Amino acid sequence: MANLISLLQEYGVLIVFIVVLVEQMGLPLPAYPILIVSGALAVDEGGTALAGVLAVSLGACLLADFFWFRAGRHYGKRVLRLLCRISLSPDYCVSQTEDNFRKWGPKSLIVAKFIPGFNTIGPPLAGAMGTHSSVFFSFSALGGLLWSLTGISIGAYFHANVDQVLDMLATMGSTALTVLGILLALFVLFKYIERRRFQRAMQTERISVEQLRALLADGHEPVLVDARSATAQQMEPPVPGALLLNGDPATILAALPRDRHIVVYCSCPNDVTAASVAKQLQERGYALARPLHGGLDAWNSAFGG
């Protein structure tokens, strides 16, 4: 721990740049504590040191945002799926971001870095949605500046308290690192248990594309329901003839026929949105409602969408 503090004192700006860049690229490395500590350590060195920490933090934010923005512009939803796979909450990371982006548009990037998950998904989503580069960089820069300045200001304001904590951690030596490691492991375990609980709640029988193909061949004409958000529907068109859950979902679902097969699809990890809608239908007496395994991708692969 003493070596870590010495490194921060000697190479603070470089460490801040690397840690912030790695976190903004999507890896679960907490950068905010480093900003707070760097802000506290920079107080004794004056405004130049504080300005340097702020500059490199903002630069790292913009570099990561630019990378994901361009990736989203060129690869669209494939990038979003990749980021969700490395997320601690992959089942609903995209859906939450889509909802925020639909409500606020590019302005949501101002606060995106304060929202776990949104900070990484926001830039590629903006690229996939066709946001103009100048608009994106304006809001991205403002968001990065606000995020960085907040962390550094907290450290600068409470620098005396931060110094006391650092001194305590330094005296604890390897014990402090062990405690921090245990806390991080407990956090990851909590997110894993939370995810497993959520998946169990969404467990229901899926219908495969082969089974759907058989239903169509037998003339059953199942009702297809697109459970994706309006933002996702803009990025990729729905299946022709599918019922869109826009407006009031309860009213739309209530009008569905109870004697027909209902196939609900989405484009989210583990089909969770489709499973949620299908379970709602089943609870209302629609026994033939099932989510499509693999979602829209499975449909496109099977039926050439």
# chains A, B, ... in the order shown; residues from 1 in each chain; ligands from 1

$ residues_around --residues "region 203-209 of chain A" --least-positions-apart "3" --cutoff "9 Å" --atoms "only C-alpha atoms" --output "PDB file with all heavy atoms, in the first residue's frame"
ATOM      1  N   PHE A 198     -32.335 -13.042 -10.837  1.00  0.00           N
ATOM      2  CA  PHE A 198     -33.119 -12.436 -11.907  1.00  0.00           C
ATOM      3  C   PHE A 198     -33.400 -13.453 -13.017  1.00  0.00           C
ATOM      4  O   PHE A 198     -34.518 -13.525 -13.538  1.00  0.00           O
ATOM      5  CB  PHE A 198     -32.362 -11.234 -12.472  1.00  0.00           C
ATOM      6  CG  PHE A 198     -33.067 -10.532 -13.594  1.00  0.00           C
ATOM      7  CD1 PHE A 198     -34.098  -9.646 -13.338  1.00  0.00           C
ATOM      8  CD2 PHE A 198     -32.697 -10.754 -14.913  1.00  0.00           C
ATOM      9  CE1 PHE A 198     -34.747  -8.994 -14.373  1.00  0.00           C
ATOM     10  CE2 PHE A 198     -33.347 -10.115 -15.947  1.00  0.00           C
ATOM     11  CZ  PHE A 198     -34.371  -9.225 -15.677  1.00  0.00           C
ATOM     12  N   GLN A 199     -32.393 -14.253 -13.374  1.00  0.00           N
ATOM     13  CA  GLN A 199     -32.585 -15.251 -14.418  1.00  0.00           C
ATOM     14  C   GLN A 199     -33.597 -16.305 -14.000  1.00  0.00           C
ATOM     15  O   GLN A 199     -34.407 -16.758 -14.823  1.00  0.00           O
ATOM     16  CB  GLN A 199     -31.243 -15.904 -14.768  1.00  0.00           C
ATOM     17  CG  GLN A 199     -30.297 -14.990 -15.527  1.00  0.00           C
ATOM     18  CD  GLN A 199     -28.967 -15.649 -15.818  1.00  0.00           C
ATOM     19  OE1 GLN A 199     -28.530 -16.562 -15.106  1.00  0.00           O
ATOM     20  NE2 GLN A 199     -28.287 -15.208 -16.854  1.00  0.00           N
ATOM     21  N   ARG A 200     -33.573 -16.711 -12.727  1.00  0.00           N
ATOM     22  CA  ARG A 200     -34.553 -17.696 -12.255  1.00  0.00           C
ATOM     23  C   ARG A 200     -35.974 -17.135 -12.330  1.00  0.00           C
ATOM     24  O   ARG A 200     -36.928 -17.850 -12.636  1.00  0.00           O
ATOM     25  CB  ARG A 200     -34.219 -18.130 -10.829  1.00  0.00           C
ATOM     26  CG  ARG A 200     -33.053 -19.100 -10.733  1.00  0.00           C
ATOM     27  CD  ARG A 200     -33.015 -19.781  -9.372  1.00  0.00           C
ATOM     28  NE  ARG A 200     -32.771 -18.821  -8.303  1.00  0.00           N
ATOM     29  CZ  ARG A 200     -31.563 -18.480  -7.876  1.00  0.00           C
ATOM     30  NH1 ARG A 200     -30.483 -19.033  -8.421  1.00  0.00           N
ATOM     31  NH2 ARG A 200     -31.416 -17.617  -6.887  1.00  0.00           N
ATOM     32  N   LEU A 212     -41.043 -22.935 -34.247  1.00  0.00           N
ATOM     33  CA  LEU A 212     -41.817 -21.868 -34.880  1.00  0.00           C
ATOM     34  C   LEU A 212     -42.031 -22.166 -36.361  1.00  0.00           C
ATOM     35  O   LEU A 212     -43.131 -21.953 -36.897  1.00  0.00           O
ATOM     36  CB  LEU A 212     -41.092 -20.535 -34.707  1.00  0.00           C
ATOM     37  CG  LEU A 212     -41.730 -19.302 -35.363  1.00  0.00           C
ATOM     38  CD1 LEU A 212     -43.165 -19.122 -34.889  1.00  0.00           C
ATOM     39  CD2 LEU A 212     -40.902 -18.056 -35.075  1.00  0.00           C
ATOM     40  N   ARG A 213     -40.996 -22.674 -37.010  1.00  0.00           N
ATOM     41  CA  ARG A 213     -41.126 -23.042 -38.415  1.00  0.00           C
ATOM     42  C   ARG A 213     -42.197 -24.123 -38.595  1.00  0.00           C
ATOM     43  O   ARG A 213     -42.982 -24.088 -39.544  1.00  0.00           O
ATOM     44  CB  ARG A 213     -39.779 -23.526 -38.947  1.00  0.00           C
ATOM     45  CG  ARG A 213     -39.717 -23.614 -40.480  1.00  0.00           C
ATOM     46  CD  ARG A 213     -38.463 -24.383 -40.902  1.00  0.00           C
ATOM     47  NE  ARG A 213     -37.267 -23.734 -40.447  1.00  0.00           N
ATOM     48  CZ  ARG A 213     -36.627 -22.778 -41.128  1.00  0.00           C
ATOM     49  NH1 ARG A 213     -37.135 -22.348 -42.266  1.00  0.00           N
ATOM     50  NH2 ARG A 213     -35.516 -22.250 -40.658  1.00  0.00           N
ATOM     51  N   ALA A 214     -42.230 -25.083 -37.656  1.00  0.00           N
ATOM     52  CA  ALA A 214     -43.231 -26.151 -37.725  1.00  0.00           C
ATOM     53  C   ALA A 214     -44.643 -25.595 -37.544  1.00  0.00           C
ATOM     54  O   ALA A 214     -45.591 -26.028 -38.218  1.00  0.00           O
ATOM     55  CB  ALA A 214     -42.936 -27.209 -36.669  1.00  0.00           C
ATOM     56  N   VAL A 263     -45.782 -15.609 -29.979  1.00  0.00           N
ATOM     57  CA  VAL A 263     -44.329 -15.712 -29.910  1.00  0.00           C
ATOM     58  C   VAL A 263     -43.755 -14.311 -29.678  1.00  0.00           C
ATOM     59  O   VAL A 263     -43.936 -13.422 -30.517  1.00  0.00           O
ATOM     60  CB  VAL A 263     -43.742 -16.331 -31.185  1.00  0.00           C
ATOM     61  CG1 VAL A 263     -42.208 -16.382 -31.098  1.00  0.00           C
ATOM     62  CG2 VAL A 263     -44.309 -17.723 -31.406  1.00  0.00           C
ATOM     63  N   VAL A 272     -34.433 -11.841 -22.032  1.00  0.00           N
ATOM     64  CA  VAL A 272     -35.108 -11.517 -20.773  1.00  0.00           C
ATOM     65  C   VAL A 272     -36.350 -10.643 -20.966  1.00  0.00           C
ATOM     66  O   VAL A 272     -37.354 -10.836 -20.270  1.00  0.00           O
ATOM     67  CB  VAL A 272     -34.131 -10.847 -19.777  1.00  0.00           C
ATOM     68  CG1 VAL A 272     -33.095 -11.812 -19.292  1.00  0.00           C
ATOM     69  CG2 VAL A 272     -33.495  -9.613 -20.393  1.00  0.00           C
ATOM     70  N   ALA A 275     -39.033 -12.874 -22.340  1.00  0.00           N
ATOM     71  CA  ALA A 275     -39.483 -13.791 -21.295  1.00  0.00           C
ATOM     72  C   ALA A 275     -40.382 -13.073 -20.294  1.00  0.00           C
ATOM     73  O   ALA A 275     -41.388 -13.628 -19.831  1.00  0.00           O
ATOM     74  CB  ALA A 275     -38.277 -14.401 -20.580  1.00  0.00           C
ATOM     75  N   SER A 276     -40.035 -11.829 -19.964  1.00  0.00           N
ATOM     76  CA  SER A 276     -40.848 -11.055 -19.031  1.00  0.00           C
ATOM     77  C   SER A 276     -42.247 -10.813 -19.590  1.00  0.00           C
ATOM     78  O   SER A 276     -43.260 -10.979 -18.888  1.00  0.00           O
ATOM     79  CB  SER A 276     -40.168  -9.715 -18.726  1.00  0.00           C
ATOM     80  OG  SER A 276     -40.973  -8.902 -17.902  1.00  0.00           O
ATOM     81  N   ALA A 278     -43.735 -12.578 -21.981  1.00  0.00           N
ATOM     82  CA  ALA A 278     -44.425 -13.865 -22.101  1.00  0.00           C
ATOM     83  C   ALA A 278     -44.983 -14.323 -20.755  1.00  0.00           C
ATOM     84  O   ALA A 278     -46.099 -14.862 -20.685  1.00  0.00           O
ATOM     85  CB  ALA A 278     -43.463 -14.915 -22.665  1.00  0.00           C
ATOM     86  N   LYS A 279     -44.241 -14.108 -19.683  1.00  0.00           N
ATOM     87  CA  LYS A 279     -44.729 -14.490 -18.356  1.00  0.00           C
ATOM     88  C   LYS A 279     -45.951 -13.647 -17.963  1.00  0.00           C
ATOM     89  O   LYS A 279     -46.887 -14.154 -17.332  1.00  0.00           O
ATOM     90  CB  LYS A 279     -43.608 -14.341 -17.318  1.00  0.00           C
ATOM     91  CG  LYS A 279     -42.548 -15.426 -17.409  1.00  0.00           C
ATOM     92  CD  LYS A 279     -41.442 -15.231 -16.380  1.00  0.00           C
ATOM     93  CE  LYS A 279     -41.939 -15.521 -14.970  1.00  0.00           C
ATOM     94  NZ  LYS A 279     -42.199 -16.950 -14.777  1.00  0.00           N
ATOM     95  N   ARG A 290     -45.085 -17.744 -25.599  1.00  0.00           N
ATOM     96  CA  ARG A 290     -43.723 -18.175 -25.292  1.00  0.00           C
ATOM     97  C   ARG A 290     -42.706 -17.215 -25.911  1.00  0.00           C
ATOM     98  O   ARG A 290     -42.950 -16.660 -26.984  1.00  0.00           O
ATOM     99  CB  ARG A 290     -43.464 -19.591 -25.825  1.00  0.00           C
ATOM    100  CG  ARG A 290     -44.148 -20.704 -25.067  1.00  0.00           C
ATOM    101  CD  ARG A 290     -43.833 -22.071 -25.663  1.00  0.00           C
ATOM    102  NE  ARG A 290     -44.502 -22.252 -26.949  1.00  0.00           N
ATOM    103  CZ  ARG A 290     -44.323 -23.308 -27.745  1.00  0.00           C
ATOM    104  NH1 ARG A 290     -43.478 -24.266 -27.380  1.00  0.00           N
ATOM    105  NH2 ARG A 290     -44.966 -23.405 -28.889  1.00  0.00           N
ATOM    106  N   PRO A 291     -41.575 -17.015 -25.247  1.00  0.00           N
ATOM    107  CA  PRO A 291     -40.511 -16.203 -25.841  1.00  0.00           C
ATOM    108  C   PRO A 291     -39.731 -17.003 -26.878  1.00  0.00           C
ATOM    109  O   PRO A 291     -39.595 -18.228 -26.758  1.00  0.00           O
ATOM    110  CB  PRO A 291     -39.621 -15.847 -24.639  1.00  0.00           C
ATOM    111  CG  PRO A 291     -39.837 -16.978 -23.681  1.00  0.00           C
ATOM    112  CD  PRO A 291     -41.246 -17.443 -23.874  1.00  0.00           C
ATOM    113  N   LEU A 292     -39.223 -16.309 -27.875  1.00  0.00           N
ATOM    114  CA  LEU A 292     -38.442 -16.951 -28.927  1.00  0.00           C
ATOM    115  C   LEU A 292     -36.991 -17.079 -28.485  1.00  0.00           C
ATOM    116  O   LEU A 292     -36.344 -16.074 -28.161  1.00  0.00           O
ATOM    117  CB  LEU A 292     -38.521 -16.146 -30.224  1.00  0.00           C
ATOM    118  CG  LEU A 292     -37.694 -16.658 -31.407  1.00  0.00           C
ATOM    119  CD1 LEU A 292     -38.166 -18.046 -31.828  1.00  0.00           C
ATOM    120  CD2 LEU A 292     -37.761 -15.687 -32.582  1.00  0.00           C
ATOM    121  N   HIS A 293     -36.498 -18.305 -28.451  1.00  0.00           N
ATOM    122  CA  HIS A 293     -35.107 -18.539 -28.052  1.00  0.00           C
ATOM    123  C   HIS A 293     -34.154 -17.958 -29.102  1.00  0.00           C
ATOM    124  O   HIS A 293     -34.228 -18.290 -30.279  1.00  0.00           O
ATOM    125  CB  HIS A 293     -34.854 -20.038 -27.919  1.00  0.00           C
ATOM    126  CG  HIS A 293     -33.453 -20.368 -27.505  1.00  0.00           C
ATOM    127  ND1 HIS A 293     -32.935 -20.012 -26.279  1.00  0.00           N
ATOM    128  CD2 HIS A 293     -32.445 -20.998 -28.171  1.00  0.00           C
ATOM    129  CE1 HIS A 293     -31.684 -20.431 -26.198  1.00  0.00           C
ATOM    130  NE2 HIS A 293     -31.369 -21.022 -27.337  1.00  0.00           N
ATOM    131  N   GLY A 294     -33.288 -17.062 -28.653  1.00  0.00           N
ATOM    132  CA  GLY A 294     -32.346 -16.429 -29.570  1.00  0.00           C
ATOM    133  C   GLY A 294     -32.832 -15.111 -30.126  1.00  0.00           C
ATOM    134  O   GLY A 294     -32.068 -14.379 -30.762  1.00  0.00           O
ATOM    135  N   ALA A 298     -32.094 -14.987 -34.044  1.00  0.00           N
ATOM    136  CA  ALA A 298     -32.472 -16.347 -34.428  1.00  0.00           C
ATOM    137  C   ALA A 298     -33.484 -16.309 -35.586  1.00  0.00           C
ATOM    138  O   ALA A 298     -33.395 -17.118 -36.519  1.00  0.00           O
ATOM    139  CB  ALA A 298     -33.048 -17.094 -33.237  1.00  0.00           C
ATOM    140  N   TRP A 299     -34.429 -15.379 -35.517  1.00  0.00           N
ATOM    141  CA  TRP A 299     -35.411 -15.252 -36.605  1.00  0.00           C
ATOM    142  C   TRP A 299     -34.720 -14.894 -37.919  1.00  0.00           C
ATOM    143  O   TRP A 299     -34.988 -15.494 -38.969  1.00  0.00           O
ATOM    144  CB  TRP A 299     -36.452 -14.196 -36.242  1.00  0.00           C
ATOM    145  CG  TRP A 299     -37.345 -13.840 -37.406  1.00  0.00           C
ATOM    146  CD1 TRP A 299     -37.095 -12.938 -38.401  1.00  0.00           C
ATOM    147  CD2 TRP A 299     -38.630 -14.400 -37.706  1.00  0.00           C
ATOM    148  NE1 TRP A 299     -38.131 -12.891 -39.305  1.00  0.00           N
ATOM    149  CE2 TRP A 299     -39.088 -13.781 -38.893  1.00  0.00           C
ATOM    150  CE3 TRP A 299     -39.438 -15.360 -37.087  1.00  0.00           C
ATOM    151  CZ2 TRP A 299     -40.319 -14.093 -39.475  1.00  0.00           C
ATOM    152  CZ3 TRP A 299     -40.656 -15.667 -37.665  1.00  0.00           C
ATOM    153  CH2 TRP A 299     -41.088 -15.041 -38.850  1.00  0.00           C
ATOM    154  N   ALA A 302     -32.841 -17.808 -39.391  1.00  0.00           N
ATOM    155  CA  ALA A 302     -33.682 -18.903 -39.873  1.00  0.00           C
ATOM    156  C   ALA A 302     -34.520 -18.512 -41.078  1.00  0.00           C
ATOM    157  O   ALA A 302     -34.739 -19.323 -41.982  1.00  0.00           O
ATOM    158  CB  ALA A 302     -34.580 -19.398 -38.750  1.00  0.00           C
ATOM    159  N   PHE A 303     -34.990 -17.244 -41.084  1.00  0.00           N
ATOM    160  CA  PHE A 303     -35.934 -16.835 -42.126  1.00  0.00           C
ATOM    161  C   PHE A 303     -35.377 -15.766 -43.064  1.00  0.00           C
ATOM    162  O   PHE A 303     -36.122 -15.167 -43.840  1.00  0.00           O
ATOM    163  CB  PHE A 303     -37.231 -16.334 -41.493  1.00  0.00           C
ATOM    164  CG  PHE A 303     -37.926 -17.378 -40.661  1.00  0.00           C
ATOM    165  CD1 PHE A 303     -37.776 -17.407 -39.293  1.00  0.00           C
ATOM    166  CD2 PHE A 303     -38.731 -18.350 -41.255  1.00  0.00           C
ATOM    167  CE1 PHE A 303     -38.421 -18.372 -38.504  1.00  0.00           C
ATOM    168  CE2 PHE A 303     -39.376 -19.309 -40.502  1.00  0.00           C
ATOM    169  CZ  PHE A 303     -39.222 -19.324 -39.124  1.00  0.00           C
TER     170      PHE A 303
END

$ residues_around --residues "Leu253 (chain A)" --least-positions-apart "5" --cutoff "12 Å" --atoms "only C-alpha atoms" --output "list in words"
Val223, Leu224, Val225, Asp226, Ala227, Leu243, Leu244, Leu245, Asn246, Gly247, Asp248, Arg258, Ile262, Val264, Val277, Ala278, Lys279, Gln280, Leu281, Gln282, Glu283, Arg284, Gly285, Tyr286 and Ala289 of chain A

$ atom_distance --atom1 "CA of Tyr75 (chain A)" --atom2 "CA of Met25 (chain A)"
16.3 Å

$ residues_around --residues "Tyr157 (chain A)" --least-positions-apart "5" --cutoff "9 Å" --atoms "only C-alpha atoms" --output "PDB file with C-alpha atoms, in the first residue's frame"
ATOM      1  CA  GLY A  39      -7.322  15.347  -6.034  1.00  0.00           C
ATOM      2  CA  ALA A  40      -6.332  15.134  -2.384  1.00  0.00           C
ATOM      3  CA  VAL A  43      -3.870  20.038  -3.163  1.00  0.00           C
ATOM      4  CA  ILE A 152     -11.181  15.578  -8.095  1.00  0.00           C
TER       5      ILE A 152
END

$ atom_distance --atom1 "CA of Phe139 (chain A)" --atom2 "CA of Ser108 (chain A)"
8.1 Å

$ decode --residues "region 230-254 of chain A" --atoms "N, CA, C and O atoms" --output "short mmCIF file (atom, residue, chain, number, x, y, z; two decimals), in the first residue's frame"
data_model
loop_
_atom_site.label_atom_id
_atom_site.label_comp_id
_atom_site.auth_asym_id
_atom_site.auth_seq_id
_atom_site.Cartn_x
_atom_site.Cartn_y
_atom_site.Cartn_z
N ALA A 230 -38.25 1.19 -28.39
CA ALA A 230 -38.36 1.98 -29.62
C ALA A 230 -36.98 2.28 -30.20
O ALA A 230 -36.80 2.33 -31.42
N THR A 231 -35.98 2.45 -29.33
CA THR A 231 -34.62 2.71 -29.79
C THR A 231 -34.07 1.51 -30.55
O THR A 231 -33.47 1.65 -31.62
N ALA A 232 -34.27 0.30 -30.01
CA ALA A 232 -33.80 -0.91 -30.67
C ALA A 232 -34.51 -1.11 -32.00
O ALA A 232 -33.90 -1.58 -32.98
N GLN A 233 -35.78 -0.75 -32.07
CA GLN A 233 -36.53 -0.89 -33.32
C GLN A 233 -36.04 0.07 -34.38
O GLN A 233 -36.13 -0.21 -35.58
N GLN A 234 -35.49 1.21 -33.97
CA GLN A 234 -34.90 2.15 -34.93
C GLN A 234 -33.59 1.60 -35.48
O GLN A 234 -33.27 1.83 -36.65
N MET A 235 -32.81 0.90 -34.64
CA MET A 235 -31.54 0.37 -35.10
C MET A 235 -31.71 -0.83 -36.03
O MET A 235 -30.91 -1.04 -36.92
N GLU A 236 -32.76 -1.62 -35.80
CA GLU A 236 -33.00 -2.81 -36.62
C GLU A 236 -34.51 -2.99 -36.77
O GLU A 236 -35.23 -3.04 -35.77
N PRO A 237 -35.01 -3.06 -38.01
CA PRO A 237 -36.46 -3.12 -38.22
C PRO A 237 -37.06 -4.40 -37.65
O PRO A 237 -36.38 -5.43 -37.57
N PRO A 238 -38.32 -4.35 -37.24
CA PRO A 238 -38.98 -5.54 -36.69
C PRO A 238 -39.33 -6.55 -37.77
O PRO A 238 -39.22 -6.26 -38.97
N VAL A 239 -39.75 -7.72 -37.34
CA VAL A 239 -40.23 -8.73 -38.28
C VAL A 239 -41.50 -8.22 -38.94
O VAL A 239 -42.38 -7.67 -38.26
N PRO A 240 -41.63 -8.34 -40.26
CA PRO A 240 -42.84 -7.86 -40.93
C PRO A 240 -44.10 -8.48 -40.32
O PRO A 240 -44.19 -9.69 -40.14
N GLY A 241 -45.05 -7.63 -39.97
CA GLY A 241 -46.30 -8.09 -39.40
C GLY A 241 -46.28 -8.27 -37.90
O GLY A 241 -47.33 -8.59 -37.31
N ALA A 242 -45.14 -8.06 -37.27
CA ALA A 242 -45.06 -8.23 -35.81
C ALA A 242 -45.78 -7.09 -35.10
O ALA A 242 -45.82 -5.95 -35.58
N LEU A 243 -46.35 -7.39 -33.95
CA LEU A 243 -47.04 -6.41 -33.12
C LEU A 243 -46.01 -5.69 -32.25
O LEU A 243 -45.26 -6.34 -31.52
N LEU A 244 -45.97 -4.38 -32.33
CA LEU A 244 -44.99 -3.59 -31.58
C LEU A 244 -45.59 -3.16 -30.25
O LEU A 244 -46.72 -2.66 -30.20
N LEU A 245 -44.83 -3.33 -29.18
CA LEU A 245 -45.31 -2.96 -27.85
C LEU A 245 -44.98 -1.50 -27.56
O LEU A 245 -44.27 -1.16 -26.62
N ASN A 246 -45.50 -0.60 -28.39
CA ASN A 246 -45.36 0.84 -28.15
C ASN A 246 -46.66 1.37 -27.55
O ASN A 246 -47.71 0.74 -27.66
N GLY A 247 -46.60 2.54 -26.96
CA GLY A 247 -47.79 3.10 -26.33
C GLY A 247 -48.06 2.44 -25.00
O GLY A 247 -47.19 2.37 -24.13
N ASP A 248 -49.28 1.90 -24.83
CA ASP A 248 -49.67 1.26 -23.57
C ASP A 248 -49.59 -0.25 -23.74
O ASP A 248 -50.49 -0.86 -24.34
N PRO A 249 -48.53 -0.91 -23.25
CA PRO A 249 -48.39 -2.36 -23.43
C PRO A 249 -49.56 -3.15 -22.87
O PRO A 249 -49.97 -4.16 -23.45
N ALA A 250 -50.10 -2.71 -21.72
CA ALA A 250 -51.19 -3.47 -21.10
C ALA A 250 -52.40 -3.54 -22.03
O ALA A 250 -53.03 -4.59 -22.17
N THR A 251 -52.73 -2.42 -22.67
CA THR A 251 -53.88 -2.40 -23.59
C THR A 251 -53.62 -3.27 -24.81
O THR A 251 -54.51 -4.00 -25.27
N ILE A 252 -52.41 -3.22 -25.33
CA ILE A 252 -52.07 -4.02 -26.51
C ILE A 252 -52.12 -5.51 -26.19
O ILE A 252 -52.68 -6.31 -26.94
N LEU A 253 -51.55 -5.88 -25.04
CA LEU A 253 -51.53 -7.30 -24.67
C LEU A 253 -52.93 -7.82 -24.39
O LEU A 253 -53.24 -8.98 -24.69
N ALA A 254 -53.77 -6.98 -23.82
CA ALA A 254 -55.12 -7.42 -23.47
C ALA A 254 -55.94 -7.74 -24.71
O ALA A 254 -56.92 -8.51 -24.64
#
